[in-house]
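Structure file query_22.txt (compact mmCIF, C-alpha atoms) is printed below.
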# COMPACT_ATOMS: atom_id res chain seq x y z
CA MET A 1 125.14 93.26 94.35
CA ASN A 2 128.92 92.96 94.70
CA LYS A 3 130.59 91.12 97.60
CA ALA A 4 131.56 94.28 99.52
CA ALA A 5 128.08 95.78 99.25
CA GLU A 6 126.50 92.49 100.31
CA THR A 7 128.80 92.27 103.35
CA LYS A 8 127.94 95.86 104.31
CA SER A 9 124.23 95.12 103.84
CA ASN A 10 124.47 91.99 106.02
CA SER A 11 126.38 93.94 108.68
CA MET A 12 123.73 96.66 108.74
CA GLN A 13 121.01 94.03 108.91
CA ALA A 14 122.73 92.40 111.89
CA LEU A 15 123.06 95.78 113.61
CA TRP A 16 119.39 96.57 113.03
CA PHE A 17 118.43 93.10 114.27
CA LEU A 18 120.40 93.71 117.46
CA ALA A 19 118.97 97.22 117.94
CA VAL A 20 115.36 96.18 117.32
CA GLY A 21 115.81 92.96 119.28
CA ALA A 22 117.37 94.84 122.19
CA SER A 23 114.47 97.32 122.16
CA ALA A 24 111.90 94.53 122.14
CA ALA A 25 113.85 92.64 124.81
CA LEU A 26 113.98 95.78 126.97
CA VAL A 27 110.21 96.24 126.60
CA HIS A 28 109.73 92.55 127.40
CA PHE A 29 111.99 92.74 130.46
CA LEU A 30 110.47 95.97 131.82
CA VAL A 31 106.93 94.64 131.41
CA LEU A 32 107.95 91.33 133.02
CA VAL A 33 109.51 93.05 136.04
CA SER A 34 106.59 95.49 136.32
CA ILE A 35 103.99 92.73 136.27
CA VAL A 36 105.89 90.69 138.88
CA ASN A 37 106.41 93.71 141.16
CA ILE A 38 102.95 95.27 140.82
CA THR A 39 100.74 92.18 140.74
CA THR A 40 100.64 88.75 142.35
CA ILE A 41 101.21 87.07 138.96
CA THR A 42 104.13 84.60 138.94
CA PRO A 43 107.18 85.29 136.73
CA ALA A 44 106.25 82.39 134.40
CA TRP A 45 102.80 83.87 133.65
CA ALA A 46 104.06 87.46 133.60
CA ASN A 47 106.51 86.38 130.90
CA VAL A 48 103.59 85.45 128.60
CA GLY A 49 102.03 88.93 128.84
CA ALA A 50 105.41 90.61 128.45
CA PHE A 51 106.10 88.56 125.30
CA LEU A 52 102.85 89.65 123.65
CA ILE A 53 103.56 93.33 124.27
CA ALA A 54 107.19 93.05 123.11
CA PHE A 55 106.08 91.20 119.96
CA VAL A 56 104.49 94.40 118.61
CA VAL A 57 107.78 96.30 119.00
CA SER A 58 109.67 93.42 117.44
CA PHE A 59 107.44 93.00 114.39
CA PHE A 60 107.30 96.63 113.35
CA GLY A 61 111.00 97.18 114.02
CA HIS A 62 112.06 94.15 112.01
CA PHE A 63 109.53 94.76 109.23
CA TYR A 64 110.54 98.37 108.65
CA PHE A 65 114.22 98.40 109.66
CA THR A 66 115.96 95.03 109.95
CA PHE A 67 114.44 93.21 106.99
CA ARG A 68 113.34 96.37 105.18
CA GLN A 69 110.10 95.79 103.38
CA ALA A 70 109.86 98.72 100.99
CA ASN A 71 106.39 100.02 100.17
CA THR A 72 106.70 100.47 96.43
CA SER A 73 103.70 102.78 96.26
CA HIS A 74 105.63 105.27 98.40
CA GLU A 75 108.93 105.14 96.51
CA THR A 76 109.84 108.65 95.49
CA SER A 77 113.34 108.35 94.10
CA GLN A 78 113.27 109.83 90.64
CA ASN A 79 115.81 107.24 89.52
CA SER A 80 113.72 104.27 90.63
CA PRO A 81 111.86 102.23 88.03
CA THR A 82 108.73 102.41 90.17
CA PHE A 83 108.77 106.22 90.17
CA LYS A 84 109.22 106.34 86.40
CA SER A 85 106.48 103.79 85.74
CA ASN A 86 104.10 105.63 88.09
CA ILE A 87 104.55 108.79 86.03
CA ILE A 88 103.42 106.84 82.97
CA LYS A 89 100.82 104.64 84.68
CA ASN A 90 99.51 106.18 87.87
CA ASP A 91 96.93 103.40 88.43
CA ASN A 92 99.65 100.99 89.68
CA THR A 93 99.44 102.58 93.15
CA LYS A 94 96.36 100.61 94.23
CA SER A 95 97.87 97.34 93.03
CA ASP A 96 101.20 98.12 94.74
CA SER A 97 99.41 99.04 97.95
CA LYS A 98 97.43 95.77 97.89
CA ASN A 99 100.61 93.75 97.28
CA TYR A 100 102.36 95.61 100.09
CA LYS A 101 99.53 94.90 102.55
CA SER A 102 99.52 91.25 101.51
CA LYS A 103 103.29 91.09 102.02
CA GLN A 104 102.94 92.77 105.40
CA LEU A 105 100.21 90.33 106.53
CA SER A 106 102.25 87.36 105.35
CA ALA A 107 105.32 88.63 107.21
CA LEU A 108 103.19 89.29 110.31
CA ILE A 109 101.87 85.72 110.34
CA LYS A 110 105.30 84.21 109.72
CA TRP A 111 107.01 86.45 112.29
CA PHE A 112 104.33 85.67 114.86
CA SER A 113 104.92 81.96 114.18
CA SER A 114 108.69 82.43 114.45
CA SER A 115 108.34 84.51 117.59
CA THR A 116 105.92 82.02 119.11
CA ALA A 117 108.36 79.16 118.43
CA GLY A 118 111.10 81.26 120.01
CA PHE A 119 108.86 82.10 122.93
CA ILE A 120 107.93 78.45 123.50
CA ALA A 121 111.62 77.56 123.60
CA ASN A 122 112.29 80.64 125.77
CA GLN A 123 109.42 79.88 128.14
CA SER A 124 110.40 76.21 128.45
CA LEU A 125 113.98 77.11 129.35
CA PHE A 126 112.76 79.95 131.60
CA VAL A 127 110.39 77.67 133.57
CA PHE A 128 113.10 75.01 133.77
CA GLY A 129 115.53 77.64 135.09
CA LEU A 130 112.99 78.89 137.62
CA HIS A 131 112.45 75.35 138.83
CA TRP A 132 116.16 74.55 138.92
CA PHE A 133 117.51 77.80 140.45
CA GLY A 134 114.43 79.36 142.08
CA GLU A 135 112.14 82.28 141.28
CA GLN A 136 114.41 84.75 143.09
CA TYR A 137 116.77 84.47 140.09
CA TYR A 138 114.10 85.11 137.44
CA MET A 139 115.83 88.21 136.00
CA MET A 140 119.18 86.47 135.47
CA ILE A 141 117.47 83.36 134.06
CA TRP A 142 115.40 85.47 131.64
CA LEU A 143 118.49 87.33 130.39
CA LEU A 144 120.46 84.14 129.76
CA VAL A 145 117.60 82.33 128.04
CA THR A 146 116.78 85.35 125.86
CA GLY A 147 120.40 85.52 124.67
CA VAL A 148 120.32 81.87 123.62
CA ILE A 149 117.00 82.16 121.74
CA THR A 150 118.05 85.32 119.84
CA VAL A 151 120.14 83.38 117.30
CA MET A 152 117.21 81.11 116.45
CA THR A 153 114.77 83.98 115.90
CA PHE A 154 117.25 85.87 113.70
CA ALA A 155 117.59 82.86 111.42
CA LEU A 156 113.82 82.38 111.23
CA GLY A 157 113.29 86.07 110.47
CA LYS A 158 116.00 86.35 107.83
CA PHE A 159 115.43 83.11 105.96
CA TRP A 160 111.67 82.71 106.31
CA ALA A 161 109.44 85.38 107.87
CA PHE A 162 110.86 88.46 106.13
CA LYS A 163 112.46 86.76 103.14
CA SER A 164 111.83 88.91 100.07

Is it possible to give me this structure as structure tokens?
Amino acid sequence: MNKAAETKSNSMQALWFLAVGASAALVHFLVLVSIVNITTITPAWANVGAFLIAFVVSFFGHFYFTFRQANTSHETSQNSPTFKSNIIKNDNTKSDSKNYKSKQLSALIKWFSSSTAGFIANQSLFVFGLHWFGEQYYMMIWLLVTGVITVMTFALGKFWAFKS
């Protein structure tokens, strides 16, 4: 890949990371606020439930968009080597599908680990902020802490969890 194409690819990856991350963060935030407003659960505990729900959005968005994990058994481009080899040897599909599922499971485990590490850092800072500033500022504290942790989770996703 030439330098210009690599820069464009990295830019698109960063945009997808921001879009998926913003979507997951929005889900996280809306669930957090809903739990706090509808139940008697404290913001610190509501944040745990909100994280778990947002994780699902985050994983699938990053797996399929940000750090594109192509399913080679579904490649249909007639110019792709996979398409041409599947014309000759159609029995590769089961092997490709198994490899894809293994890759997906590996990425899921690594991303959950990365997200959990990010969440532990997020939750620690969030609880510290609640203690320092008061629970009435939980929304502002959550937004600030989430912004700080985003950089860490991007690096873990790019260089470890979804590394091809």

Could you tell me which of A:Trp160, A:Ser97, A:Ile149, A:Arg68 comes closest to Asn10 in chain A if we count all atoms listed in the file?
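Ranked by minimum distance to Asn10 in chain A, first place goes to A:Arg68.
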
Write out as a short mmCIF file (atom, residue, chain, number, x, y, z; two decimals) with C-alpha atoms, keeping the file's coordinate frame which residues come within 12 Å of Thr146 in chain A when counting all atoms listed in the file, dropping same-chain ones fewer than 4 positions away.
data_model
loop_
_atom_site.label_atom_id
_atom_site.label_comp_id
_atom_site.auth_asym_id
_atom_site.auth_seq_id
_atom_site.Cartn_x
_atom_site.Cartn_y
_atom_site.Cartn_z
CA GLY A 21 115.81 92.96 119.28
CA ALA A 22 117.37 94.84 122.19
CA ALA A 24 111.90 94.53 122.14
CA ALA A 25 113.85 92.64 124.81
CA LEU A 26 113.98 95.78 126.97
CA HIS A 28 109.73 92.55 127.40
CA PHE A 29 111.99 92.74 130.46
CA ASN A 47 106.51 86.38 130.90
CA PHE A 51 106.10 88.56 125.30
CA SER A 115 108.34 84.51 117.59
CA GLY A 118 111.10 81.26 120.01
CA PHE A 119 108.86 82.10 122.93
CA ILE A 120 107.93 78.45 123.50
CA ALA A 121 111.62 77.56 123.60
CA ASN A 122 112.29 80.64 125.77
CA GLN A 123 109.42 79.88 128.14
CA SER A 124 110.40 76.21 128.45
CA LEU A 125 113.98 77.11 129.35
CA PHE A 126 112.76 79.95 131.60
CA TYR A 138 114.10 85.11 137.44
CA MET A 139 115.83 88.21 136.00
CA MET A 140 119.18 86.47 135.47
CA ILE A 141 117.47 83.36 134.06
CA TRP A 142 115.40 85.47 131.64
CA THR A 150 118.05 85.32 119.84
CA VAL A 151 120.14 83.38 117.30
CA MET A 152 117.21 81.11 116.45
CA THR A 153 114.77 83.98 115.90
#

Need the shell around Leu32 in chain A: protein/DNA/RNA residues with any atom at most 8 Å away, counting all atoms listed in the file. Skip same-chain ones fewer than 4 positions apart. Format as a VMD selection string?
chain A and resid 28 36 43 46 to 47 49 to 50

Please compute the CA of Gly61 in chain A-CA of Phe162 in chain A distance, one decimal, in Å.
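Between CA of Gly61 in chain A and CA of Phe162 in chain A the gap is 11.8 Å.
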
Looking at A:Lys163, A:Thr66, A:Val31, A:Trp45, which one is nearest to Lys110 in chain A, with distances taken over only C-alpha atoms?
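Smallest separation from Lys110 in chain A among the options: A:Lys163.
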
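In this model, the gap between CA of Gly157 in chain A and CA of Phe67 in chain A comes to 8.0 Å.
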
Residue with the minimum atom-to-atom distance to Phe128 in chain A, picked from A:Ala44, A:Leu156, A:Leu52, A:Ile38 with all atoms listed in the file counted, is A:Ala44

For CA of Ala107 in chain A and CA of Phe63 in chain A, determine how far apart the two atoms are, in Å to one decimal place.
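If I compute the distance from CA of Ala107 in chain A to CA of Phe63 in chain A, I get 7.7 Å.
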
Residue nearest Trp16 in chain A among A:Val33, A:Lys158, A:Val145, A:Tyr100 (counting only C-alpha atoms)
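Comparing A:Val33, A:Lys158, A:Val145, A:Tyr100 against Trp16 in chain A, the winner is A:Lys158.
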
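The smallest atom-to-atom distance between Ala161 in chain A and any of A:Ala54, A:Tyr137, A:Tyr64, A:Ser106, using all atoms listed in the file, is found for A:Ser106.
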
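Residue nearest Gln104 in chain A within the list A:Phe17, A:Phe159, A:Phe65, A:Phe59: A:Phe59 [criterion: smallest interatomic distance, all atoms listed in the file].
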
Taking all atoms of range 125-128 of chain A that appear in the file, build a box with edges along x, y and z, extend it by 6 Å on every side, and state its centre and edge lengths in Å to one decimal, as JSON.
{"center_x": 112.2, "center_y": 77.5, "center_z": 131.6, "size_x": 15.6, "size_y": 16.9, "size_z": 16.4}
